$ cat target_36.txt   # compact mmCIF, C-alpha atoms
# COMPACT_ATOMS: atom_id res chain seq x y z
CA MET A 1315 113.24 132.60 66.85
CA ALA A 1316 111.03 131.36 69.68
CA GLY A 1317 111.71 132.52 73.22
CA PHE A 1318 111.80 130.44 76.38
CA ARG A 1319 108.13 131.06 77.25
CA SER A 1320 106.91 130.18 73.75
CA LEU A 1321 108.89 126.96 73.83
CA ALA A 1322 107.58 126.15 77.32
CA TYR A 1323 104.03 126.62 75.99
CA GLN A 1324 104.80 124.09 73.23
CA VAL A 1325 106.02 121.57 75.81
CA ARG A 1326 102.74 121.91 77.74
CA ASP A 1327 100.44 121.97 74.70
CA ALA A 1328 98.69 118.57 74.64
CA ARG A 1329 97.80 119.08 70.95
CA ASN A 1330 101.50 118.73 70.04
CA ASP A 1331 102.93 115.28 69.47
CA ARG A 1332 105.48 113.89 71.91
CA ALA A 1333 108.44 114.44 69.61
CA LEU A 1334 107.65 118.16 69.24
CA ARG A 1335 107.13 118.55 72.98
CA ARG A 1336 110.50 116.92 73.68
CA HIS A 1337 112.17 119.01 70.98
CA SER A 1338 110.69 122.17 72.49
CA LEU A 1339 112.08 121.24 75.91
CA ARG A 1340 115.52 120.73 74.35
CA ARG A 1341 115.21 124.14 72.69
CA CYS A 1342 114.39 125.70 76.07
CA LEU A 1343 117.94 124.70 76.99
CA GLU A 1344 119.22 126.95 74.22
CA ARG A 1345 117.76 129.84 76.24
CA PHE A 1346 118.66 128.64 79.75
CA ALA A 1347 120.90 125.70 80.64
CA PRO A 1348 122.53 126.36 84.02
CA TYR A 1349 124.98 123.43 83.84
CA GLY A 1350 125.63 123.76 80.11
CA HIS A 1351 123.35 122.26 77.48
CA ARG A 1352 124.33 118.59 77.67
CA ALA A 1353 124.78 118.46 81.46
CA THR A 1354 121.43 120.20 82.05
CA TRP A 1355 119.67 117.83 79.64
CA TRP A 1356 121.17 114.77 81.31
CA HIS A 1357 120.26 116.18 84.73
CA LEU A 1358 116.61 116.67 83.72
CA CYS A 1359 116.47 113.23 82.10
CA ASP A 1360 117.92 111.53 85.19
CA ARG A 1361 115.64 113.35 87.63
CA HIS A 1362 112.44 112.83 85.64
CA GLY A 1363 112.96 109.37 84.16
CA ILE A 1364 113.35 110.44 80.55
CA ALA A 1365 115.65 108.47 78.26
CA PRO A 1366 117.93 111.12 76.69
CA GLU A 1367 117.29 109.84 73.14
CA ASP A 1368 113.58 108.96 73.58
CA ARG A 1369 111.65 110.98 71.02
CA GLY A 1370 108.35 109.73 72.43
CA ALA A 1371 108.93 110.57 76.08
CA ASP A 1372 105.98 110.71 78.48
CA PRO A 1373 104.50 114.24 78.29
CA LEU A 1374 103.97 114.34 82.06
CA ARG A 1375 107.70 113.74 82.59
CA LEU A 1376 108.56 116.41 80.04
CA VAL A 1377 106.32 118.92 81.82
CA ALA A 1378 107.85 118.01 85.20
CA ALA A 1379 111.33 118.58 83.76
CA LEU A 1380 110.17 121.89 82.29
CA GLU A 1381 108.79 122.98 85.67
CA GLU A 1382 112.14 122.27 87.31
CA LEU A 1383 113.90 124.28 84.61
CA GLU A 1384 111.41 127.15 84.95
CA ASP A 1385 111.94 127.27 88.72
CA ALA A 1386 115.71 127.52 88.26
CA ARG A 1387 115.30 130.18 85.58
CA ALA A 1388 113.08 132.24 87.88
CA VAL A 1389 115.70 132.04 90.64
CA TRP A 1390 118.45 133.18 88.30
CA LEU A 1391 116.44 135.96 86.64
CA GLU A 1392 115.55 137.35 90.08
CA TYR A 1393 119.21 137.28 91.08
CA GLU A 1394 120.20 139.10 87.88
CA ARG A 1395 117.46 141.69 88.44
CA GLN A 1396 118.58 142.35 92.02
CA PHE A 1397 122.24 142.45 90.98
CA ALA A 1398 121.51 145.02 88.24
CA GLU A 1399 119.49 147.13 90.67
CA ARG A 1400 122.27 147.01 93.29
CA ARG A 1401 124.91 147.94 90.66
CA ARG A 1402 122.85 150.94 89.55
CA ARG A 1403 122.72 152.16 93.16
CA GLU A 1404 126.45 151.56 93.64
CA LYS A 1405 127.32 153.43 90.45
CA TYR A 1406 125.12 156.31 91.53
CA HIS A 1407 127.17 156.49 94.73
CA GLY A 1408 130.46 156.34 92.83
CA LEU A 1409 131.37 152.67 93.25
CA ARG A 1410 132.23 151.79 89.68
CA ARG A 1411 133.55 148.30 90.19
CA PRO A 1412 131.95 145.54 92.25
CA GLU A 1413 134.22 143.79 94.74
CA TRP A 1414 133.41 140.57 92.92
CA ALA A 1415 130.85 139.36 90.48
CA TRP A 1416 129.90 136.05 88.96
CA GLY A 1417 130.35 136.14 85.22
CA GLY A 1418 127.68 133.55 84.53
CA SER A 1419 124.99 134.04 81.96
CA GLY A 1420 121.85 132.19 81.02
CA ASP A 1421 123.68 129.73 78.82
CA ALA A 1422 125.68 128.20 81.71
CA VAL A 1423 125.44 129.65 85.18
CA VAL A 1424 127.36 126.81 86.88
CA ARG A 1425 129.01 124.87 84.07
CA CYS A 1426 129.76 121.23 84.78
CA ALA A 1427 133.19 120.04 83.62
CA ASP A 1428 131.78 116.59 82.87
CA PRO A 1429 128.07 116.37 81.91
CA GLY A 1430 127.85 113.09 83.83
CA VAL A 1431 128.93 114.69 87.14
CA ARG A 1432 126.49 117.28 88.43
CA PRO A 1433 125.36 118.81 91.73
CA GLU A 1434 122.78 116.92 93.80
CA GLY A 1435 119.23 118.23 93.96
CA ALA A 1436 116.85 120.22 91.82
CA LEU A 1437 118.24 122.97 89.61
CA GLY A 1438 116.36 125.66 91.53
CA GLU A 1439 117.79 124.55 94.87
CA VAL A 1440 121.32 124.46 93.47
CA LEU A 1441 120.91 127.99 92.13
CA ARG A 1442 119.45 129.17 95.45
CA ARG A 1443 122.60 127.86 97.18
CA LEU A 1444 124.72 129.62 94.58
CA VAL A 1445 122.86 132.91 94.98
CA ARG A 1446 123.37 132.82 98.76
CA VAL A 1447 127.13 132.61 98.13
CA LEU A 1448 127.04 135.26 95.41
CA GLU A 1449 125.41 137.66 97.82
CA SER A 1450 128.19 137.17 100.36
CA GLN A 1451 131.96 137.18 99.77
CA PRO A 1452 134.31 134.94 97.79
CA GLY A 1453 135.53 131.90 99.69
CA THR A 1454 137.85 128.94 99.42
CA ALA A 1455 135.25 126.23 98.81
CA CYS A 1456 132.82 125.33 96.05
CA PRO A 1457 129.97 127.87 96.06
CA VAL A 1458 127.42 125.15 95.28
CA CYS A 1459 128.27 122.21 97.57
CA GLY A 1460 130.90 123.61 99.95
CA GLU A 1461 133.52 121.02 98.97
CA GLN A 1462 137.07 122.14 99.78
CA GLU A 1463 138.69 119.85 97.19
CA LEU A 1464 139.08 121.96 94.07
CA GLN A 1465 141.14 120.43 91.29
CA TRP A 1466 143.03 122.94 89.17
CA PRO A 1467 143.51 121.89 85.54
CA ASP A 1468 146.93 121.88 83.94
CA MET A 1469 147.53 125.55 83.19
CA ALA A 1470 150.45 124.82 80.86
CA ALA A 1471 148.10 124.58 77.89
CA PRO A 1472 145.40 127.25 78.38
CA SER A 1473 144.27 127.00 74.75
CA ALA A 1474 143.34 123.34 75.06
CA PRO A 1475 140.09 122.12 76.61
CA VAL A 1476 140.36 120.38 79.99
CA GLY A 1477 138.37 117.45 78.66
CA PRO A 1478 136.03 116.37 75.89
CA TRP A 1479 133.22 118.36 77.46
CA GLU A 1480 131.40 121.32 76.04
CA GLY A 1481 133.45 124.50 76.43
CA THR A 1482 135.45 123.72 79.56
CA TRP A 1483 138.71 125.61 79.30
CA ALA A 1484 141.65 125.61 81.67
CA TRP A 1485 141.33 129.28 82.58
CA ASP A 1486 137.69 128.98 83.71
CA GLY A 1487 138.76 127.83 87.17
CA PRO A 1488 139.12 124.67 89.21
CA VAL A 1489 136.73 121.74 89.08
CA CYS A 1490 134.92 120.90 92.32
CA GLY A 1491 135.71 117.38 93.50
CA GLY A 1492 132.24 117.12 95.06
CA CYS A 1493 129.66 118.31 92.54
CA GLY A 1494 131.75 118.68 89.39
CA ILE A 1495 131.14 122.35 88.54
CA VAL A 1496 133.86 124.56 87.14
CA VAL A 1497 134.29 127.14 89.90
CA PRO A 1498 134.84 130.58 88.33
CA ARG A 1499 137.83 132.45 89.69
CA PRO A 1500 135.76 135.40 91.03
CA ALA A 1501 134.08 132.98 93.47
CA LEU A 1502 137.40 132.22 95.14
CA ALA A 1503 139.10 134.44 97.70
CA ASP A 1504 142.67 133.27 96.97
CA VAL A 1505 143.24 132.47 93.33
CA PRO A 1506 146.64 131.25 92.20
CA ALA A 1507 148.34 133.26 89.49
CA ALA A 1508 147.86 132.10 85.93
CA GLY A 1509 150.19 129.23 85.19
CA ALA A 1510 150.16 127.96 88.79
CA ALA A 1511 148.43 124.73 89.65
$ encode --input "target_36.txt" --output "structure tokens"
Amino acid sequence: MAGFRSLAYQVRDARNDRALRRHSLRRCLERFAPYGHRATWWHLCDRHGIAPEDRGADPLRLVAALEELEDARAVWLEYERQFAERRRREKYHGLRRPEWAWGGSGDAVVRCADPGVRPEGALGEVLRRLVRVLESQPGTACPVCGEQELQWPDMAAPSAPVGPWEGTWAWDGPVCGGCGIVVPRPALADVPAAGAA
């Protein structure tokens, strides 16, 4: 199974045909897709002028999209490295539980409830904003755009998806009315009890 860097090399390799280069970029999203796979793909396509279904996309556009994804991945990997280092120090000093932590992972750091509604700006800049919030304290607003309007899904049916989107479940948290991310509960200072809307 190819890793992110091997796939990125395939995207850049001019000897590969356009379809393989596009496919390799899509496979990079299996390793790192900060908004979720579909939302991240649509974001990259919109920002770099790639038709989502175009198998013969311009290689320069594919490489530009890859560079944006690589920048965001570098931001997130550095945050994870610093977080792990800080947790090791805290555990050494007897603090066994962080006051709060973001449960994101490489597959979806800031999942979008609807792939068509995403934060403004480059992926790297969005993650830099997120990291600034993660390194402070939980708040009452969206950690990405600062929007106060957070829409809680119907908690009466926690086993049903909120919508037809990939993996958005009612217990993940509220959806930001500004940028559309699902705000994880640990990012919020005052979280209603389960079952409250």
$ closest_residue --input "target_36.txt" --among "A:His1362, A:Ala1379, A:Ala1347, A:Glu1449" --to "Arg1326 in chain A" --atoms "all atoms listed in the file"
A:Ala1379
$ closest_residue --input "target_36.txt" --among "A:Gly1494, A:Gly1438, A:Pro1366, A:Pro1452" --to "Leu1464 in chain A" --atoms "all atoms listed in the file"
A:Gly1494
$ closest_residue --input "target_36.txt" --among "A:Ala1378, A:Leu1502, A:Ala1386, A:Leu1321" --to "Ala1436 in chain A" --atoms "all atoms listed in the file"
A:Ala1386
$ residues_around --input "target_36.txt" --residues "Met1315 in chain A" --least-positions-apart "6" --cutoff "12 Å" --atoms "all atoms listed in the file" --output "PyMOL selection string"
chain A and resi 1321+1341-1342+1344-1345
$ atom_distance --input "target_36.txt" --atom1 "CA of Ala1398 in chain A" --atom2 "CA of Arg1432 in chain A"
28.2 Å
$ residues_around --input "target_36.txt" --residues "range 1422-1426 of chain A" --least-positions-apart "4" --cutoff "6 Å" --atoms "all atoms listed in the file" --output "tab-separated table (two decimals) with C-alpha atoms, in the frame of the given file"
chain	number	residue	atom	x	y	z
A	1347	ALA	CA	120.90	125.70	80.64
A	1348	PRO	CA	122.53	126.36	84.02
A	1349	TYR	CA	124.98	123.43	83.84
A	1350	GLY	CA	125.63	123.76	80.11
A	1418	GLY	CA	127.68	133.55	84.53
A	1494	GLY	CA	131.75	118.68	89.39
A	1495	ILE	CA	131.14	122.35	88.54
A	1496	VAL	CA	133.86	124.56	87.14
$ residues_around --input "target_36.txt" --residues "Arg1375 in chain A" --least-positions-apart "3" --cutoff "10 Å" --atoms "only C-alpha atoms" --output "ChimeraX atom specification"
/A:1336,1358-1359,1361-1364,1371-1372,1378-1381
$ closest_residue --input "target_36.txt" --among "A:Val1325, A:Val1377, A:Leu1334, A:Val1445" --to "Leu1391 in chain A" --atoms "all atoms listed in the file"
A:Val1445
$ atom_distance --input "target_36.txt" --atom1 "CA of Val1440 in chain A" --atom2 "CA of Asp1428 in chain A"
16.8 Å
$ closest_residue --input "target_36.txt" --among "A:His1351, A:Arg1446, A:His1357, A:Arg1319" --to "Glu1382 in chain A" --atoms "all atoms listed in the file"
A:His1357
$ atom_distance --input "target_36.txt" --atom1 "CA of Gln1465 in chain A" --atom2 "CA of Val1489 in chain A"
5.1 Å
$ residues_around --input "target_36.txt" --residues "Gly1491 in chain A" --least-positions-apart "6" --cutoff "10 Å" --atoms "only C-alpha atoms" --output "list of chain:residue names"
A:Val1431, A:Cys1456, A:Cys1459, A:Glu1461, A:Gln1462, A:Glu1463, A:Leu1464, A:Gln1465
$ closest_residue --input "target_36.txt" --among "A:Tyr1393, A:Pro1429, A:Arg1335, A:Pro1500" --to "Trp1355 in chain A" --atoms "all atoms listed in the file"
A:Pro1429
